[in-house]
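Colleague: Just final-v9.cif, nothing more (mmCIF, C-alpha atoms and all ligand atoms):
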```
data_entry
loop_
_atom_site.label_atom_id
_atom_site.label_comp_id
_atom_site.auth_asym_id
_atom_site.auth_seq_id
_atom_site.Cartn_x
_atom_site.Cartn_y
_atom_site.Cartn_z
CA MET A 1 140.43 119.04 150.31
CA ASP A 2 137.45 116.83 149.33
CA THR A 3 137.21 113.11 150.11
CA TYR A 4 137.82 112.09 146.47
CA THR A 5 141.09 114.06 146.28
CA LEU A 6 142.20 112.71 149.66
CA ALA A 7 141.51 109.10 148.57
CA LYS A 8 143.46 109.72 145.33
CA ALA A 9 146.42 111.14 147.31
CA LEU A 10 146.41 108.05 149.57
CA HIS A 11 146.13 105.83 146.44
CA VAL A 12 149.24 107.42 144.87
CA THR A 13 151.17 107.30 148.18
CA ALA A 14 150.42 103.58 148.61
CA ILE A 15 151.46 102.96 144.99
CA ILE A 16 154.81 104.72 145.42
CA ILE A 17 155.67 102.59 148.48
CA TRP A 18 154.35 99.39 146.85
CA LEU A 19 156.25 99.86 143.57
CA GLY A 20 159.40 100.93 145.44
CA GLY A 21 159.27 97.55 147.21
CA VAL A 22 158.59 95.62 143.97
CA LEU A 23 161.62 97.24 142.29
CA LEU A 24 163.76 96.57 145.38
CA ASN A 25 162.66 92.91 145.26
CA GLY A 26 163.61 92.74 141.56
CA VAL A 27 167.08 94.19 142.07
CA LEU A 28 167.85 92.01 145.11
CA LEU A 29 166.54 88.85 143.42
CA SER A 30 168.94 89.44 140.51
CA TYR A 31 171.75 89.82 143.03
CA LEU A 32 170.68 86.73 145.00
CA ALA A 33 170.53 84.64 141.80
CA LYS A 34 174.35 84.81 141.76
CA ASP A 35 174.88 84.55 145.53
CA THR A 36 175.04 80.99 146.84
CA GLY A 37 177.01 81.88 149.98
CA PRO A 38 175.85 81.79 153.61
CA GLY A 39 174.68 85.44 153.47
CA ARG A 40 171.91 84.49 151.03
CA THR A 41 169.33 83.28 153.58
CA GLN A 42 170.03 86.27 155.83
CA LEU A 43 169.55 88.86 153.07
CA ALA A 44 166.49 87.00 151.73
CA GLY A 45 165.04 86.93 155.27
CA TRP A 46 165.54 90.70 155.55
CA ILE A 47 163.76 91.46 152.26
CA ARG A 48 161.05 88.97 153.20
CA ARG A 49 160.26 90.96 156.37
CA TRP A 50 160.19 94.27 154.43
CA ASP A 51 157.98 92.69 151.77
CA PHE A 52 155.55 91.30 154.35
CA ARG A 53 155.39 94.35 156.63
CA VAL A 54 155.60 97.22 154.12
CA THR A 55 155.31 96.24 150.44
CA LEU A 56 152.38 93.81 150.72
CA PRO A 57 150.21 96.09 152.94
CA SER A 58 150.94 98.97 150.52
CA MET A 59 149.67 96.85 147.63
CA VAL A 60 146.46 96.13 149.54
CA LEU A 61 146.04 99.87 150.29
CA ALA A 62 146.76 100.81 146.64
CA TRP A 63 143.93 98.45 145.54
CA LEU A 64 141.64 99.63 148.33
CA PHE A 65 142.03 103.37 147.64
CA GLY A 66 142.03 102.71 143.87
CA GLY A 67 138.70 100.90 144.33
CA ILE A 68 137.31 103.78 146.43
CA VAL A 69 138.34 106.37 143.80
CA MET A 70 136.92 104.16 141.04
CA VAL A 71 133.51 103.90 142.74
CA MET A 72 133.37 107.54 143.90
CA GLY A 73 134.37 108.83 140.45
CA GLY A 74 132.00 106.48 138.58
CA TRP A 75 134.92 105.46 136.33
CA PHE A 76 133.86 101.84 135.89
CA PRO A 77 133.79 100.45 133.13
CA ASP A 78 135.80 103.07 131.14
CA ALA A 79 138.23 101.43 128.66
CA TRP A 80 141.35 103.19 130.05
CA LEU A 81 140.51 101.80 133.51
CA MET A 82 139.92 98.25 132.24
CA ILE A 83 143.31 98.20 130.43
CA LYS A 84 144.93 99.74 133.50
CA LEU A 85 143.43 97.04 135.76
CA VAL A 86 144.79 94.24 133.53
CA LEU A 87 148.27 95.79 133.77
CA VAL A 88 147.92 96.27 137.54
CA LEU A 89 147.01 92.56 137.80
CA VAL A 90 150.22 91.74 135.89
CA VAL A 91 152.26 93.87 138.34
CA SER A 92 150.44 92.21 141.30
CA ALA A 93 151.20 88.74 139.86
CA ILE A 94 154.89 89.63 139.43
CA HIS A 95 154.94 90.80 143.05
CA GLY A 96 153.33 87.50 144.15
CA MET A 97 155.97 85.50 142.26
CA GLN A 98 158.75 87.60 143.78
CA SER A 99 157.36 86.99 147.30
CA GLY A 100 157.29 83.22 146.69
CA ARG A 101 160.86 83.26 145.41
CA ILE A 102 162.08 85.33 148.37
CA ARG A 103 160.37 82.91 150.78
CA ARG A 104 162.19 79.95 149.15
CA LEU A 105 165.53 81.78 149.30
CA ALA A 106 165.06 82.63 152.98
CA GLU A 107 164.86 78.91 153.79
CA PRO A 108 168.08 76.88 153.91
CA GLY A 109 168.71 74.50 150.97
CA GLN A 110 168.90 74.72 147.22
CA ALA A 111 166.42 77.06 145.52
CA PRO A 112 165.15 76.14 142.01
CA PRO A 113 166.48 78.20 139.06
CA LEU A 114 165.14 81.76 138.74
CA LEU A 115 162.10 81.93 136.42
CA SER A 116 162.70 83.99 133.29
CA VAL A 117 159.83 86.38 134.14
CA LEU A 118 161.56 87.17 137.46
CA LYS A 119 164.88 87.76 135.71
CA HIS A 120 163.19 90.67 133.94
CA SER A 121 160.78 91.77 136.66
CA THR A 122 162.16 95.32 136.97
CA GLU A 123 161.92 96.01 133.22
CA LEU A 124 158.41 94.49 133.03
CA VAL A 125 157.18 96.53 136.01
CA ILE A 126 158.68 99.79 134.67
CA ALA A 127 157.08 99.20 131.23
CA ALA A 128 153.68 98.40 132.81
CA VAL A 129 153.82 101.48 135.06
CA LEU A 130 154.68 103.74 132.13
CA VAL A 131 151.56 102.58 130.26
CA ILE A 132 149.42 102.72 133.44
CA VAL A 133 150.39 106.32 134.23
CA VAL A 134 149.84 107.47 130.61
CA LEU A 135 146.40 105.78 130.66
CA VAL A 136 145.38 107.34 133.96
CA ILE A 137 146.62 110.85 133.16
CA VAL A 138 145.74 111.08 129.43
CA LYS A 139 142.65 108.79 129.49
CA PRO A 140 142.91 108.32 125.71
CA LEU A 141 140.03 105.77 125.58
C1 LIG A 201 150.49 99.88 139.60
C2 LIG A 201 149.31 100.26 140.07
C3 LIG A 201 148.73 101.63 139.88
C4 LIG A 201 149.32 102.82 139.47
C5 LIG A 201 150.78 103.06 139.05
C6 LIG A 201 148.30 103.83 139.51
C7 LIG A 201 148.52 105.18 139.24
C8 LIG A 201 147.59 106.17 139.43
C9 LIG A 201 147.86 107.60 139.38
C10 LIG A 201 149.24 108.23 139.15
C11 LIG A 201 146.68 108.24 139.59
C12 LIG A 201 146.45 109.77 139.66
C13 LIG A 201 145.96 110.31 138.33
C14 LIG A 201 145.53 111.76 138.37
O1 LIG A 201 145.39 112.37 139.42
O2 LIG A 201 145.33 112.33 137.27
C15 LIG A 201 145.66 107.22 139.73
C16 LIG A 201 144.30 107.46 139.88
C17 LIG A 201 143.33 106.48 139.84
N1 LIG A 201 143.52 105.12 139.96
FE1 LIG A 201 145.30 104.18 140.00
N2 LIG A 201 147.10 103.25 139.92
C18 LIG A 201 147.32 101.92 140.17
C19 LIG A 201 146.38 100.99 140.63
C20 LIG A 201 145.00 101.20 140.62
C21 LIG A 201 143.98 100.23 140.95
C22 LIG A 201 144.27 98.81 141.41
C23 LIG A 201 142.76 100.83 140.76
C24 LIG A 201 141.37 100.31 140.94
C25 LIG A 201 141.04 99.31 141.74
C26 LIG A 201 143.00 102.18 140.33
C27 LIG A 201 142.06 103.14 140.00
C28 LIG A 201 142.29 104.49 139.87
C29 LIG A 201 141.26 105.50 139.62
C30 LIG A 201 139.79 105.22 139.43
C31 LIG A 201 141.91 106.76 139.61
C32 LIG A 201 141.23 108.13 139.48
C33 LIG A 201 141.45 108.77 138.11
C34 LIG A 201 141.15 110.26 138.13
O3 LIG A 201 140.60 110.82 139.11
O4 LIG A 201 141.46 110.90 137.12
N3 LIG A 201 144.39 102.39 140.27
N4 LIG A 201 146.23 105.97 139.64
#
```
What does this structure look like when you write it as structure tokens?

Modeller:
Amino acid sequence: MDTYTLAKALHVTAIIIWLGGVLLNGVLLSYLAKDTGPGRTQLAGWIRRWDFRVTLPSMVLAWLFGGIVMVMGGWFPDAWLMIKLVLVLVVSAIHGMQSGRIRRLAEPGQAPPLLSVLKHSTELVIAAVLVIVVLVIVKPL
């Protein structure tokens, strides 16, 4: 296996773990929006640890290996890659907002109402990933 293929395999592995965590965050945040009981801070604290130890490092690795593949393959500045990067920034921003929300919920006290973008974070992430994967596989532009 050559270095390029290995970097691409590590890129896809990191993405699977990262996006798994982002979808988990989305599902649990919808659940926690309705849960005001004492279990809320405990569950939020549990997801917060997973997010910090697994999901966030996977995002960093997905960007790192994506960057390595981009440079090694000389893909920059192809149009498919530029559109993909904008969508990946959207997914990264949603993840950042989720992490902030989870941190607030893990602390005792009243959390502010759930932002509308976070109410729909799973749908938004799935739609973005669908377009990203079509762009990267088909490279229509
Ligand atoms: C949600 C985030 C991302 C997803 C779902 C994703 C998905 C993928 C997939 C499935 C492949 C394999 C394509 C193939 O083998 O034909 C790939 C390759 C690649 N990705 Fe990503 N990626 C993401 C983030 C990034 C980032 C942040 C960068 C750049 C910094 C990047 C740059 C690349 C490049 C240059 C390739 C190589 C394309 C090729 O060899 O055909 N990706 N990506």

Colleague: Could you give me, as JSON lines, every chain A residue with an atom at most 9 Å from ligand LIG 201 (chain A), plus its closest atom pair and distance in Å to one decimal, counting only C-alpha atoms and all ligand atoms, rows ordered by chain then number?

Modeller:
```
{"residue": "A:Tyr4", "atom": "CA", "partner": "A:LIG201", "partner_atom": "O3", "distance": 8.0}
{"residue": "A:Thr5", "atom": "CA", "partner": "A:LIG201", "partner_atom": "O3", "distance": 7.9}
{"residue": "A:Lys8", "atom": "CA", "partner": "A:LIG201", "partner_atom": "C16", "distance": 6.0}
{"residue": "A:Ala9", "atom": "CA", "partner": "A:LIG201", "partner_atom": "C12", "distance": 7.8}
{"residue": "A:His11", "atom": "CA", "partner": "A:LIG201", "partner_atom": "FE1", "distance": 6.7}
{"residue": "A:Val12", "atom": "CA", "partner": "A:LIG201", "partner_atom": "C9", "distance": 5.7}
{"residue": "A:Ile15", "atom": "CA", "partner": "A:LIG201", "partner_atom": "C4", "distance": 5.9}
{"residue": "A:Ile16", "atom": "CA", "partner": "A:LIG201", "partner_atom": "C5", "distance": 7.7}
{"residue": "A:Trp18", "atom": "CA", "partner": "A:LIG201", "partner_atom": "C1", "distance": 8.2}
{"residue": "A:Leu19", "atom": "CA", "partner": "A:LIG201", "partner_atom": "C1", "distance": 7.0}
{"residue": "A:Met59", "atom": "CA", "partner": "A:LIG201", "partner_atom": "C2", "distance": 8.3}
{"residue": "A:Val60", "atom": "CA", "partner": "A:LIG201", "partner_atom": "C22", "distance": 8.8}
{"residue": "A:Ala62", "atom": "CA", "partner": "A:LIG201", "partner_atom": "C19", "distance": 6.0}
{"residue": "A:Trp63", "atom": "CA", "partner": "A:LIG201", "partner_atom": "C22", "distance": 4.2}
{"residue": "A:Leu64", "atom": "CA", "partner": "A:LIG201", "partner_atom": "C25", "distance": 6.6}
{"residue": "A:Phe65", "atom": "CA", "partner": "A:LIG201", "partner_atom": "C25", "distance": 7.2}
{"residue": "A:Gly66", "atom": "CA", "partner": "A:LIG201", "partner_atom": "C23", "distance": 3.7}
{"residue": "A:Gly67", "atom": "CA", "partner": "A:LIG201", "partner_atom": "C25", "distance": 3.8}
{"residue": "A:Ile68", "atom": "CA", "partner": "A:LIG201", "partner_atom": "C25", "distance": 7.5}
{"residue": "A:Val69", "atom": "CA", "partner": "A:LIG201", "partner_atom": "C30", "distance": 4.7}
{"residue": "A:Met70", "atom": "CA", "partner": "A:LIG201", "partner_atom": "C30", "distance": 3.5}
{"residue": "A:Val71", "atom": "CA", "partner": "A:LIG201", "partner_atom": "C30", "distance": 7.2}
{"residue": "A:Met72", "atom": "CA", "partner": "A:LIG201", "partner_atom": "C30", "distance": 8.2}
{"residue": "A:Gly73", "atom": "CA", "partner": "A:LIG201", "partner_atom": "C30", "distance": 6.6}
{"residue": "A:Gly74", "atom": "CA", "partner": "A:LIG201", "partner_atom": "C30", "distance": 7.9}
{"residue": "A:Trp75", "atom": "CA", "partner": "A:LIG201", "partner_atom": "C30", "distance": 5.8}
{"residue": "A:Phe76", "atom": "CA", "partner": "A:LIG201", "partner_atom": "C30", "distance": 7.7}
{"residue": "A:Leu81", "atom": "CA", "partner": "A:LIG201", "partner_atom": "C27", "distance": 6.8}
{"residue": "A:Lys84", "atom": "CA", "partner": "A:LIG201", "partner_atom": "C20", "distance": 7.3}
{"residue": "A:Leu85", "atom": "CA", "partner": "A:LIG201", "partner_atom": "C22", "distance": 6.0}
{"residue": "A:Leu87", "atom": "CA", "partner": "A:LIG201", "partner_atom": "C1", "distance": 7.5}
{"residue": "A:Val88", "atom": "CA", "partner": "A:LIG201", "partner_atom": "C1", "distance": 4.9}
{"residue": "A:Leu89", "atom": "CA", "partner": "A:LIG201", "partner_atom": "C22", "distance": 7.7}
{"residue": "A:Val90", "atom": "CA", "partner": "A:LIG201", "partner_atom": "C1", "distance": 8.9}
{"residue": "A:Val91", "atom": "CA", "partner": "A:LIG201", "partner_atom": "C1", "distance": 6.4}
{"residue": "A:Ser92", "atom": "CA", "partner": "A:LIG201", "partner_atom": "C1", "distance": 7.9}
{"residue": "A:Val125", "atom": "CA", "partner": "A:LIG201", "partner_atom": "C1", "distance": 8.3}
{"residue": "A:Ala128", "atom": "CA", "partner": "A:LIG201", "partner_atom": "C1", "distance": 7.6}
{"residue": "A:Val129", "atom": "CA", "partner": "A:LIG201", "partner_atom": "C5", "distance": 5.3}
{"residue": "A:Leu130", "atom": "CA", "partner": "A:LIG201", "partner_atom": "C5", "distance": 8.0}
{"residue": "A:Val131", "atom": "CA", "partner": "A:LIG201", "partner_atom": "C5", "distance": 8.8}
{"residue": "A:Ile132", "atom": "CA", "partner": "A:LIG201", "partner_atom": "C5", "distance": 5.8}
{"residue": "A:Val133", "atom": "CA", "partner": "A:LIG201", "partner_atom": "C10", "distance": 5.4}
{"residue": "A:Val134", "atom": "CA", "partner": "A:LIG201", "partner_atom": "C10", "distance": 8.6}
{"residue": "A:Leu135", "atom": "CA", "partner": "A:LIG201", "partner_atom": "C7", "distance": 8.9}
{"residue": "A:Val136", "atom": "CA", "partner": "A:LIG201", "partner_atom": "C13", "distance": 5.3}
{"residue": "A:Ile137", "atom": "CA", "partner": "A:LIG201", "partner_atom": "O2", "distance": 4.6}
{"residue": "A:Val138", "atom": "CA", "partner": "A:LIG201", "partner_atom": "O2", "distance": 7.9}
{"residue": "A:Lys139", "atom": "CA", "partner": "A:LIG201", "partner_atom": "O4", "distance": 8.0}
```

Colleague: Interatomic distance between CA of Trp50 in chain A and CA of Gly26 in chain A?

Modeller: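 Answer for the CA of Trp50 in chain A to CA of Gly26 in chain A separation: 13.4 Å.
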
Colleague: Which neighbours of Leu23 in chain A fall inside 10 Å, counting all atoms listed in the file, when residues of the same chain fewer than 4 positions from it are skipped, and could you give them as a count of residues only?

Modeller: 11

Colleague: Which residue out of A:Gly37, A:His120, A:Trp80, A:Tyr31 has the minimum interatomic distance to Ile102 in chain A when all atoms listed in the file are used?

Modeller: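 Ranking A:Gly37, A:His120, A:Trp80, A:Tyr31 by distance to Ile102 in chain A, first place goes to A:Tyr31.
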
Colleague: Between A:Pro77, A:Pro108, A:Gly96, A:Lys34, which has the minimum distance to Phe52 in chain A (counting all atoms listed in the file)?

Modeller: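 Distance minimum relative to Phe52 in chain A lands on A:Gly96.
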
Colleague: Hey, can you check how far CA of Arg53 in chain A sits from CA of Ala14 in chain A?

Modeller: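 Separation of CA of Arg53 in chain A and CA of Ala14 in chain A: 13.2 Å.
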
Colleague: Out of A:Ala106, A:Ile17, A:Leu61, A:Leu24, which residue has the shortest atom-to-atom distance to Gly45 in chain A when counting only C-alpha atoms?

Modeller: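 Using only C-alpha atoms, the shortest distance to Gly45 in chain A belongs to A:Ala106.
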
Colleague: Identify which of the residues A:Leu6, A:Ala79, A:Leu43, A:Ala127 lies closest to Glu107 in chain A, counting only C-alpha atoms when measuring atom-to-atom distances.

Modeller: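 Result for the nearest residue to Glu107 in chain A: A:Leu43.
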